[in-house]
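Heads up, final-v8.txt below (compact mmCIF, C-alpha atoms):
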```txt
# COMPACT_ATOMS: atom_id res chain seq x y z
CA SER A 1 -1.17 1.28 3.32
CA MET A 2 -0.23 1.87 -0.32
CA ILE A 3 -1.55 -1.55 -1.28
CA ILE A 4 -4.77 -1.00 0.66
CA GLY A 5 -5.29 2.36 -1.05
CA ASP A 6 -4.81 0.92 -4.54
CA LEU A 7 -6.91 -2.19 -3.98
CA LEU A 8 -9.85 -0.41 -2.34
CA THR A 9 -9.81 2.32 -5.00
CA ASP A 10 -10.04 -0.32 -7.73
CA LEU A 11 -12.84 -2.08 -5.85
CA CYS A 12 -14.77 1.20 -5.60
CA ILE A 13 -14.41 1.71 -9.35
CA THR A 14 -15.63 -1.84 -10.00
CA ALA A 15 -18.61 -1.28 -7.71
CA GLY A 16 -19.43 2.01 -9.46
CA ILE A 17 -18.75 4.12 -6.35
CA THR A 18 -17.30 7.28 -7.87
CA HIS A 19 -18.53 9.86 -5.31
CA LEU A 20 -19.27 9.91 -1.61
CA ALA A 21 -21.43 12.73 -0.22
CA GLY A 22 -20.71 14.73 -3.33
CA VAL A 23 -16.93 14.24 -3.06
CA GLU A 24 -14.98 12.32 -5.70
CA MET A 25 -13.91 8.91 -4.43
CA SER A 26 -10.20 9.45 -5.04
CA ARG A 27 -7.35 7.32 -3.75
CA THR A 28 -6.64 9.94 -1.07
CA LEU A 29 -10.22 9.83 0.20
CA VAL A 30 -10.18 6.03 0.19
CA LEU A 31 -6.98 6.06 2.27
CA LEU A 32 -8.47 8.50 4.78
CA ILE A 33 -11.69 6.56 5.21
CA SER A 34 -10.04 3.15 5.44
CA HIS A 35 -7.43 4.27 7.96
CA LEU A 36 -9.69 6.38 10.18
CA VAL A 37 -12.84 4.26 10.09
CA VAL A 38 -11.46 0.73 9.85
CA ILE A 39 -7.73 0.35 10.49
CA LEU A 40 -7.33 2.75 13.45
CA PRO A 41 -10.18 1.19 15.50
CA LEU A 42 -8.73 -2.26 14.82
CA CYS A 43 -5.28 -1.14 15.98
CA MET A 44 -6.74 0.22 19.22
CA LEU A 45 -8.42 -3.04 20.19
CA ARG A 46 -7.49 -4.24 23.66
CA SER A 47 -6.97 -7.77 22.36
CA PHE A 48 -6.03 -9.02 18.89
CA THR A 49 -7.16 -12.57 19.54
CA SER A 50 -10.09 -12.20 17.14
CA LEU A 51 -7.64 -11.24 14.38
CA SER A 52 -5.32 -14.19 14.90
CA TYR A 53 -6.97 -16.13 12.10
CA SER A 54 -6.37 -13.39 9.53
CA SER A 55 -3.17 -15.16 8.49
CA TYR A 56 -5.26 -18.05 7.19
CA SER A 57 -7.40 -15.74 5.06
CA GLY A 58 -4.24 -14.05 3.84
CA LEU A 59 -2.72 -17.36 2.82
CA ALA A 60 -5.95 -18.35 1.06
CA GLY A 61 -5.94 -15.01 -0.77
CA LEU A 62 -2.36 -15.48 -1.92
CA LEU A 63 -3.03 -18.99 -3.19
CA TYR A 64 -6.13 -17.83 -5.04
CA THR A 65 -4.21 -14.92 -6.58
CA ALA A 66 -1.47 -17.25 -7.81
CA ILE A 67 -4.09 -19.51 -9.42
CA PHE A 68 -6.03 -16.70 -11.08
CA MET A 69 -2.86 -15.05 -12.44
CA THR A 70 -1.82 -18.37 -13.94
CA ILE A 71 -5.26 -18.77 -15.50
CA ARG A 72 -5.15 -15.30 -17.07
CA TRP A 73 -1.67 -15.97 -18.44
CA ALA A 74 -2.75 -19.31 -19.89
CA ASP A 75 -6.06 -18.15 -21.43
CA GLY A 76 -4.50 -15.07 -23.06
CA SER A 77 -7.20 -12.69 -21.83
CA TYR A 78 -4.70 -9.81 -21.78
CA ALA A 79 -2.82 -10.75 -24.94
CA GLU A 80 -3.58 -9.13 -28.30
CA GLY A 81 -7.14 -9.95 -29.22
CA GLY A 82 -7.92 -11.17 -25.69
CA GLU A 83 -11.08 -10.41 -23.74
CA PHE A 84 -9.49 -7.69 -21.58
CA ASN A 85 -6.80 -6.38 -23.94
CA ASN A 86 -8.95 -3.47 -25.10
CA SER A 87 -10.24 -2.69 -21.63
CA THR A 88 -10.76 0.99 -20.89
CA SER A 89 -9.59 0.47 -17.33
CA PRO A 90 -7.11 3.25 -16.44
CA THR A 91 -4.93 0.74 -14.61
CA ILE A 92 -4.09 -1.16 -17.80
CA MET A 93 -1.71 1.35 -19.27
CA PHE A 94 -0.14 -1.14 -21.67
CA THR A 95 -3.18 -0.90 -23.98
CA ALA A 96 -2.40 2.70 -24.83
CA GLY A 97 -1.72 3.17 -28.51
CA ASN A 98 -3.43 -0.12 -29.38
CA HIS A 99 -0.37 -2.13 -28.39
CA SER A 100 -0.83 -5.48 -26.71
CA ALA A 101 0.68 -6.53 -23.44
CA HIS A 102 3.48 -8.27 -25.30
CA SER A 103 4.19 -5.47 -27.77
CA ASP A 104 7.81 -4.49 -27.57
CA SER A 105 10.31 -3.22 -30.10
CA GLU A 106 12.43 -6.24 -29.29
CA PRO A 107 11.29 -9.34 -27.40
CA PHE A 108 12.76 -9.83 -23.94
CA ASP A 109 14.38 -13.13 -24.98
CA VAL A 110 16.24 -11.29 -27.75
CA LYS A 111 17.45 -8.08 -26.13
CA GLY A 112 17.58 -9.32 -22.53
CA THR A 113 18.05 -6.69 -19.85
CA PHE A 114 20.78 -4.45 -18.45
CA PRO A 115 22.92 -6.12 -15.76
CA LEU A 116 22.45 -3.18 -13.38
CA LYS A 117 18.70 -3.78 -13.41
CA ALA A 118 19.38 -7.05 -11.61
CA LEU A 119 20.11 -4.88 -8.57
CA VAL A 120 16.47 -3.78 -8.63
CA LEU A 121 15.34 -7.40 -8.28
CA ILE A 122 17.92 -8.07 -5.57
CA SER A 123 16.74 -4.96 -3.70
CA ILE A 124 13.16 -6.23 -3.75
CA LEU A 125 14.16 -9.76 -2.74
CA THR A 126 16.02 -8.53 0.34
CA ASN A 127 12.64 -7.50 1.80
CA SER A 128 12.23 -11.17 2.71
CA TYR A 129 14.71 -10.61 5.56
CA HIS A 130 12.78 -7.74 7.13
CA CYS A 131 10.60 -10.09 9.20
CA HIS A 132 13.51 -11.94 10.78
CA TYR A 133 13.21 -9.94 13.98
CA ASN A 134 10.26 -12.25 14.73
CA ALA A 135 12.40 -15.39 14.50
CA PRO A 136 13.27 -15.59 18.25
CA LYS A 137 9.60 -15.11 19.15
CA PHE A 138 8.47 -17.82 16.74
CA TYR A 139 11.18 -20.13 18.02
CA ARG A 140 10.01 -19.73 21.61
CA GLU A 141 6.35 -20.24 20.69
CA LEU A 142 6.88 -23.30 18.48
CA LYS A 143 5.32 -26.35 20.13
CA ASP A 144 7.86 -29.03 21.17
CA CYS A 145 10.56 -26.84 19.69
CA THR A 146 13.84 -28.48 18.75
CA PRO A 147 16.49 -27.38 16.24
CA ASP A 148 15.26 -30.06 13.81
CA ARG A 149 11.61 -28.98 14.09
CA TRP A 150 12.63 -25.35 13.69
CA SER A 151 14.69 -26.17 10.59
CA THR A 152 11.75 -28.05 9.10
CA LEU A 153 9.48 -25.07 9.73
CA VAL A 154 11.91 -22.53 8.25
CA TYR A 155 12.78 -24.57 5.16
CA GLY A 156 9.14 -25.38 4.52
CA ALA A 157 7.96 -21.78 4.97
CA PHE A 158 10.65 -20.28 2.76
CA THR A 159 10.14 -22.93 0.08
CA ALA A 160 6.40 -22.24 0.00
CA ALA A 161 6.99 -18.48 -0.08
CA PHE A 162 9.49 -18.88 -2.91
CA LEU A 163 7.12 -21.00 -5.00
CA ILE A 164 4.16 -18.63 -4.56
CA ASN A 165 6.23 -15.53 -5.36
CA ALA A 166 7.83 -17.28 -8.33
CA ILE A 167 4.34 -17.86 -9.73
CA PHE A 168 3.52 -14.17 -9.21
CA MET A 169 6.69 -13.08 -10.99
CA VAL A 170 6.44 -15.49 -13.93
CA ALA A 171 2.69 -15.19 -14.51
CA GLY A 172 2.74 -11.41 -14.13
CA PHE A 173 5.70 -10.90 -16.45
CA MET A 174 4.45 -13.34 -19.06
CA THR A 175 1.08 -11.56 -19.06
CA PHE A 176 2.15 -7.90 -19.02
CA GLY A 177 5.87 -7.91 -19.83
CA ARG A 178 7.70 -4.68 -19.08
CA PHE A 179 4.39 -2.98 -18.23
CA CYS A 180 4.11 -4.72 -14.85
CA LYS A 181 3.24 -2.29 -12.04
CA GLY A 182 4.59 -2.25 -8.51
CA ILE A 183 1.32 -3.83 -7.36
CA ILE A 184 0.63 -6.40 -10.05
CA LEU A 185 -3.13 -6.43 -9.38
CA ASN A 186 -3.24 -2.85 -10.66
CA ASN A 187 -2.57 -4.24 -14.14
CA TYR A 188 -5.77 -6.26 -14.26
CA ALA A 189 -9.03 -4.83 -15.58
CA HIS A 190 -11.71 -3.53 -13.25
CA ASP A 191 -14.28 -5.71 -15.00
CA ASP A 192 -12.19 -8.86 -14.55
CA SER A 193 -14.22 -10.79 -11.96
CA LEU A 194 -11.30 -13.05 -10.98
CA ALA A 195 -9.09 -10.00 -10.33
CA THR A 196 -11.86 -8.28 -8.39
CA PHE A 197 -12.21 -11.21 -6.00
CA SER A 198 -8.44 -11.34 -5.58
CA ARG A 199 -8.33 -7.63 -4.73
CA PHE A 200 -11.08 -8.16 -2.16
CA THR A 201 -9.41 -11.12 -0.42
CA ILE A 202 -5.96 -9.50 -0.34
CA ALA A 203 -7.39 -6.20 0.96
CA ILE A 204 -9.32 -7.92 3.75
CA SER A 205 -6.30 -9.99 4.82
CA ILE A 206 -4.01 -6.92 4.90
CA ILE A 207 -6.54 -4.85 6.85
CA CYS A 208 -7.09 -7.63 9.40
CA GLY A 209 -3.36 -8.23 9.74
CA TYR A 210 -2.50 -4.53 9.99
CA PRO A 211 -2.91 -4.36 13.80
CA LEU A 212 -0.44 -7.22 14.20
CA PHE A 213 2.24 -5.23 12.36
CA VAL A 214 1.41 -2.12 14.38
CA GLU A 215 1.69 -4.13 17.59
CA GLY A 216 5.14 -5.36 16.61
CA PHE A 217 6.26 -1.82 15.77
CA ARG A 218 4.75 -0.48 18.99
CA THR A 219 6.57 -3.08 21.06
CA CYS A 220 9.89 -2.14 19.43
CA VAL A 221 9.25 1.55 20.12
CA PHE A 222 8.65 0.93 23.82
CA GLU A 223 11.72 -1.30 24.06
CA MET A 224 13.89 1.33 22.39
CA CYS A 225 12.52 3.98 24.75
CA LYS A 226 13.01 1.59 27.69
CA VAL A 227 9.35 1.84 28.67
CA GLN A 228 8.29 -1.17 30.70
CA ASN A 229 4.61 -2.03 31.18
CA PRO A 230 3.29 0.91 29.12
CA GLU A 231 -0.14 2.30 29.92
CA GLN A 232 -3.00 1.80 27.48
CA ASP A 233 -3.02 5.53 26.73
CA GLN A 234 0.61 5.30 25.65
CA LYS A 235 -0.18 2.35 23.40
CA ASP A 236 -3.06 4.23 21.82
CA GLN A 237 -0.92 7.30 21.21
CA VAL A 238 1.74 5.26 19.41
CA ALA A 239 -0.94 3.50 17.36
CA ILE A 240 -2.54 6.81 16.32
CA PHE A 241 0.85 8.29 15.36
CA THR A 242 1.79 5.16 13.41
CA ILE A 243 -1.47 5.06 11.45
CA PHE A 244 -1.26 8.79 10.73
CA MET A 245 2.30 8.54 9.37
CA ALA A 246 1.53 5.41 7.33
CA CYS A 247 -1.54 7.02 5.79
CA ALA A 248 0.36 10.23 5.00
CA ALA A 249 3.20 8.29 3.38
CA ALA A 250 0.74 6.27 1.27
CA MET A 251 -0.79 9.55 0.04
CA MET A 252 2.62 10.92 -0.92
CA PHE A 253 3.92 7.80 -2.69
CA THR A 254 1.93 5.87 -5.27
CA ASP A 255 4.55 3.52 -6.76
CA ALA A 256 4.73 0.59 -4.37
CA GLY A 257 7.38 -1.10 -6.49
CA LEU A 258 9.74 1.87 -6.17
CA VAL A 259 9.21 2.14 -2.41
CA THR A 260 9.69 -1.60 -1.92
CA ALA A 261 12.88 -1.64 -3.97
CA VAL A 262 14.43 1.38 -2.21
CA LEU A 263 13.57 0.11 1.27
CA GLY A 264 14.76 -3.34 0.30
CA ALA A 265 18.06 -1.98 -0.96
CA LEU A 266 18.73 0.10 2.14
CA LEU A 267 17.06 -1.77 5.00
CA GLY A 268 17.60 -5.20 3.50
CA SER A 269 21.31 -4.69 2.99
CA PHE A 270 21.76 -3.31 6.49
CA ILE A 271 19.74 -6.12 8.10
CA VAL A 272 21.51 -8.85 6.12
CA TYR A 273 25.08 -7.54 6.06
CA VAL A 274 25.68 -4.55 8.29
CA PHE A 275 23.82 -5.01 11.58
CA PRO A 276 24.89 -8.65 12.16
CA CYS A 277 28.51 -7.66 11.58
CA TRP A 278 28.25 -4.79 14.04
CA MET A 279 26.66 -7.09 16.60
CA PHE A 280 29.42 -9.67 16.13
CA ARG A 281 32.18 -7.08 16.48
CA ALA A 282 30.57 -5.64 19.63
CA MET A 283 30.28 -9.12 21.13
CA ARG A 284 33.90 -9.84 20.22
CA ARG A 285 35.10 -6.67 21.93
CA LYS A 286 33.26 -7.65 25.12
CA GLU A 287 34.94 -11.05 25.03
CA LEU A 288 38.33 -9.38 24.73
CA GLU A 289 37.58 -7.27 27.79
CA GLN A 290 37.23 -10.49 29.79
CA TYR A 291 40.11 -12.26 28.06
CA PRO A 292 42.55 -9.53 26.97
CA ASP A 293 45.30 -12.01 26.08
CA GLU A 294 43.26 -13.55 23.26
CA ASP A 295 43.84 -12.56 19.66
CA ILE A 296 41.06 -10.49 18.15
CA GLY A 297 40.87 -12.87 15.21
CA SER A 298 40.62 -12.42 11.47
CA ASP A 299 36.85 -12.90 11.57
CA TYR A 300 36.58 -9.58 13.44
CA HIS A 301 38.20 -7.72 10.53
CA ALA A 302 36.26 -9.79 7.98
CA ALA A 303 33.01 -8.74 9.63
CA GLY A 304 34.06 -5.10 9.37
CA THR A 305 34.84 -5.50 5.69
CA LEU A 306 31.54 -7.26 5.04
CA SER A 307 29.60 -4.48 6.75
CA VAL A 308 31.23 -1.88 4.49
CA VAL A 309 30.53 -3.95 1.37
CA GLY A 310 26.92 -4.44 2.46
CA ALA A 311 26.43 -0.72 3.02
CA LEU A 312 27.86 0.04 -0.43
CA LEU A 313 25.59 -2.54 -2.05
CA GLY A 314 22.60 -0.99 -0.35
CA VAL A 315 23.45 2.53 -1.48
CA VAL A 316 24.25 1.46 -5.05
CA GLY A 317 21.04 -0.56 -5.23
CA ALA A 318 18.95 2.37 -4.00
CA VAL A 319 20.61 4.75 -6.49
CA VAL A 320 19.98 2.35 -9.38
CA VAL A 321 16.34 1.97 -8.39
CA ILE A 322 15.76 5.72 -8.07
CA PHE A 323 17.49 6.68 -11.33
CA ARG A 324 15.74 3.84 -13.14
CA GLU A 325 12.54 5.73 -12.48
```

Kindly present the structure from the file in structure tokens form.
Amino acid sequence: SMIIGDLLTDLCITAGITHLAGVEMSRTLVLLISHLVVILPLCMLRSFTSLSYSSYSGLAGLLYTAIFMTIRWADGSYAEGGEFNNSTSPTIMFTAGNHSAHSDSEPFDVKGTFPLKALVLISILTNSYHCHYNAPKFYRELKDCTPDRWSTLVYGAFTAAFLINAIFMVAGFMTFGRFCKGIILNNYAHDDSLATFSRFTIAISIICGYPLFVEGFRTCVFEMCKVQNPEQDQKDQVAIFTIFMACAAAMMFTDAGLVTAVLGALLGSFIVYVFPCWMFRAMRRKELEQYPDEDIGSDYHAAGTLSVVGALLGVVGAVVVIFRE
């Protein structure tokens, strides 16, 4: 929701849409309109079959964005003296004071960075594990599924994701340096046609894929509440509540980078380290109930230690991220 709000607001500015029915086209208004008029009706569809191809448009948008960011880094459009360096766009804050994107008291390759800031990157990277709850579903739905085919799929998908995100990180940092925003597209000028098309494609793919995320969340809610075969009214109520809360949160928080890092530090650490250890220890205790003469094993205690370490890493990472701001 935060990404949608930022991207659509920038697109409205590019299109010259500053007011709607006499009301300023602010980010808050954009969020309200997009969620009530577009996203909510999509989430209340009886079938999401028509949205199944949104993943292809999303992939195309990501590939295009990686290419355009590389082009802008290579052609120096945002460097000192570049075409967009003196842009008046409010999203390009690095131009304030007539400093270029690379202006810094000391270059990064000279002063480096503080070791604790590495925890910020780690916190963001752990978000990659948040989708693993879908792994069993994907495994079941994979055609002619075997462990080898599944391994090929996983290794290929993660390698591709790593390469694309590496391009985003390198091209973004080499273009804007320490002025990179949580949503890197916010750094690019409103009159940059390549950036405008990227904003459009990413926004469309996120909006079309939004109902799929809501459906996954809704399914988890019903499972947690032990509701089998929920009525359509119940599904609609959960969808409305979810969209309302997501929209409200996006209005309250504007720094997507901060939110991503904090959630990555806390949720990522618990999903990677804590929850699996708890599950293993619970399974081990059930085994001992059936076979009480067996030794509990050192791995049981190791799992407990790992869960504590993981929780500490999550808390420390979140604290570092928050106080960094």

Spatial neighbours of Leu51 (chain A), max dist 8 Å, all atoms listed in the file, sep filter under 2 positions, as a ChimeraX atom specification: /A:48-49,53-54,208-209

Selection from above, C-alpha atoms, as a PDB file, in the frame of the given file, can you write it?
```
ATOM      1  CA  PHE A  48      -6.030  -9.020  18.890  1.00  0.00           C
ATOM      2  CA  THR A  49      -7.160 -12.570  19.540  1.00  0.00           C
ATOM      3  CA  TYR A  53      -6.970 -16.130  12.100  1.00  0.00           C
ATOM      4  CA  SER A  54      -6.370 -13.390   9.530  1.00  0.00           C
ATOM      5  CA  CYS A 208      -7.090  -7.630   9.400  1.00  0.00           C
ATOM      6  CA  GLY A 209      -3.360  -8.230   9.740  1.00  0.00           C
TER       7      GLY A 209
END
```

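Within 9 Å of the point (33.2, -6.3, 17.1) in file coordinates, and counting all atoms listed in the file, lie the residues Cys277, Trp278, Met279, Phe280, Arg281, Ala282, Met283, Arg284, Arg285, Lys286, Ile296, Tyr300, His301, Ala303 and Gly304 of chain A.
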
Sorted by chain and rising residue number, which residues of region 29-61 of chain A lie within 12 Å of region 16-20 of chain A, and what are their closest atom pairs and distances in Å to one decimal, counting only C-alpha atoms, as a tab-separated table?
```
residue	atom	partner	partner_atom	distance
A:Leu29	CA	A:Leu20	CA	9.2
A:Val30	CA	A:Leu20	CA	10.0
A:Ile33	CA	A:Leu20	CA	10.7
```

Atomic distance CA of Ile39 (chain A) - CA of Asn187 (chain A), expressed in Å with one decimal: 25.6 Å

CA of Ser34 (chain A) to CA of Met252 (chain A), straight-line distance in Å: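 If I compute the distance from CA of Met252 (chain A) to CA of Ser34 (chain A), I get 16.2 Å.
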
Please reconstruct the missing atoms of region 60-76 of chain A (target: N, CA, C and O atoms) and return them as a PDB file, keeping the file's coordinate frame.
```pdb
ATOM      1  N   ALA A  60      -4.965 -17.945   2.055  1.00  0.00           N
ATOM      2  CA  ALA A  60      -5.950 -18.350   1.060  1.00  0.00           C
ATOM      3  C   ALA A  60      -6.009 -17.343  -0.093  1.00  0.00           C
ATOM      4  O   ALA A  60      -6.104 -17.721  -1.269  1.00  0.00           O
ATOM      5  N   GLY A  61      -5.924 -16.044   0.262  1.00  0.00           N
ATOM      6  CA  GLY A  61      -5.940 -15.010  -0.770  1.00  0.00           C
ATOM      7  C   GLY A  61      -4.735 -15.080  -1.683  1.00  0.00           C
ATOM      8  O   GLY A  61      -4.850 -14.901  -2.905  1.00  0.00           O
ATOM      9  N   LEU A  62      -3.567 -15.361  -1.114  1.00  0.00           N
ATOM     10  CA  LEU A  62      -2.360 -15.480  -1.920  1.00  0.00           C
ATOM     11  C   LEU A  62      -2.427 -16.678  -2.863  1.00  0.00           C
ATOM     12  O   LEU A  62      -2.050 -16.586  -4.036  1.00  0.00           O
ATOM     13  N   LEU A  63      -2.904 -17.802  -2.350  1.00  0.00           N
ATOM     14  CA  LEU A  63      -3.030 -18.990  -3.190  1.00  0.00           C
ATOM     15  C   LEU A  63      -4.015 -18.755  -4.330  1.00  0.00           C
ATOM     16  O   LEU A  63      -3.768 -19.140  -5.480  1.00  0.00           O
ATOM     17  N   TYR A  64      -5.144 -18.128  -4.006  1.00  0.00           N
ATOM     18  CA  TYR A  64      -6.130 -17.830  -5.040  1.00  0.00           C
ATOM     19  C   TYR A  64      -5.538 -16.899  -6.094  1.00  0.00           C
ATOM     20  O   TYR A  64      -5.741 -17.101  -7.301  1.00  0.00           O
ATOM     21  N   THR A  65      -4.804 -15.865  -5.645  1.00  0.00           N
ATOM     22  CA  THR A  65      -4.210 -14.920  -6.580  1.00  0.00           C
ATOM     23  C   THR A  65      -3.228 -15.605  -7.513  1.00  0.00           C
ATOM     24  O   THR A  65      -3.192 -15.326  -8.723  1.00  0.00           O
ATOM     25  N   ALA A  66      -2.417 -16.509  -6.975  1.00  0.00           N
ATOM     26  CA  ALA A  66      -1.470 -17.250  -7.810  1.00  0.00           C
ATOM     27  C   ALA A  66      -2.207 -18.073  -8.865  1.00  0.00           C
ATOM     28  O   ALA A  66      -1.788 -18.142 -10.030  1.00  0.00           O
ATOM     29  N   ILE A  67      -3.311 -18.685  -8.478  1.00  0.00           N
ATOM     30  CA  ILE A  67      -4.090 -19.510  -9.420  1.00  0.00           C
ATOM     31  C   ILE A  67      -4.726 -18.643 -10.501  1.00  0.00           C
ATOM     32  O   ILE A  67      -4.641 -18.944 -11.699  1.00  0.00           O
ATOM     33  N   PHE A  68      -5.342 -17.538 -10.093  1.00  0.00           N
ATOM     34  CA  PHE A  68      -6.030 -16.700 -11.080  1.00  0.00           C
ATOM     35  C   PHE A  68      -5.041 -16.045 -12.046  1.00  0.00           C
ATOM     36  O   PHE A  68      -5.324 -15.904 -13.250  1.00  0.00           O
ATOM     37  N   MET A  69      -3.856 -15.630 -11.548  1.00  0.00           N
ATOM     38  CA  MET A  69      -2.860 -15.050 -12.440  1.00  0.00           C
ATOM     39  C   MET A  69      -2.363 -16.076 -13.456  1.00  0.00           C
ATOM     40  O   MET A  69      -2.126 -15.736 -14.628  1.00  0.00           O
ATOM     41  N   THR A  70      -2.225 -17.312 -13.016  1.00  0.00           N
ATOM     42  CA  THR A  70      -1.820 -18.370 -13.940  1.00  0.00           C
ATOM     43  C   THR A  70      -2.887 -18.620 -14.994  1.00  0.00           C
ATOM     44  O   THR A  70      -2.592 -18.833 -16.181  1.00  0.00           O
ATOM     45  N   ILE A  71      -4.151 -18.579 -14.568  1.00  0.00           N
ATOM     46  CA  ILE A  71      -5.260 -18.770 -15.500  1.00  0.00           C
ATOM     47  C   ILE A  71      -5.280 -17.662 -16.554  1.00  0.00           C
ATOM     48  O   ILE A  71      -5.429 -17.917 -17.759  1.00  0.00           O
ATOM     49  N   ARG A  72      -5.120 -16.422 -16.131  1.00  0.00           N
ATOM     50  CA  ARG A  72      -5.150 -15.300 -17.070  1.00  0.00           C
ATOM     51  C   ARG A  72      -3.958 -15.328 -18.025  1.00  0.00           C
ATOM     52  O   ARG A  72      -4.062 -14.901 -19.178  1.00  0.00           O
ATOM     53  N   TRP A  73      -2.823 -15.811 -17.554  1.00  0.00           N
ATOM     54  CA  TRP A  73      -1.670 -15.970 -18.440  1.00  0.00           C
ATOM     55  C   TRP A  73      -1.949 -17.063 -19.466  1.00  0.00           C
ATOM     56  O   TRP A  73      -1.690 -16.897 -20.662  1.00  0.00           O
ATOM     57  N   ALA A  74      -2.516 -18.175 -19.009  1.00  0.00           N
ATOM     58  CA  ALA A  74      -2.750 -19.310 -19.890  1.00  0.00           C
ATOM     59  C   ALA A  74      -3.859 -19.040 -20.912  1.00  0.00           C
ATOM     60  O   ALA A  74      -3.752 -19.453 -22.079  1.00  0.00           O
ATOM     61  N   ASP A  75      -4.943 -18.345 -20.500  1.00  0.00           N
ATOM     62  CA  ASP A  75      -6.060 -18.150 -21.430  1.00  0.00           C
ATOM     63  C   ASP A  75      -5.874 -16.953 -22.360  1.00  0.00           C
ATOM     64  O   ASP A  75      -6.689 -16.721 -23.266  1.00  0.00           O
ATOM     65  N   GLY A  76      -4.798 -16.174 -22.144  1.00  0.00           N
ATOM     66  CA  GLY A  76      -4.500 -15.070 -23.060  1.00  0.00           C
ATOM     67  C   GLY A  76      -5.504 -13.943 -23.033  1.00  0.00           C
ATOM     68  O   GLY A  76      -5.637 -13.202 -24.019  1.00  0.00           O
TER      69      GLY A  76
END
```
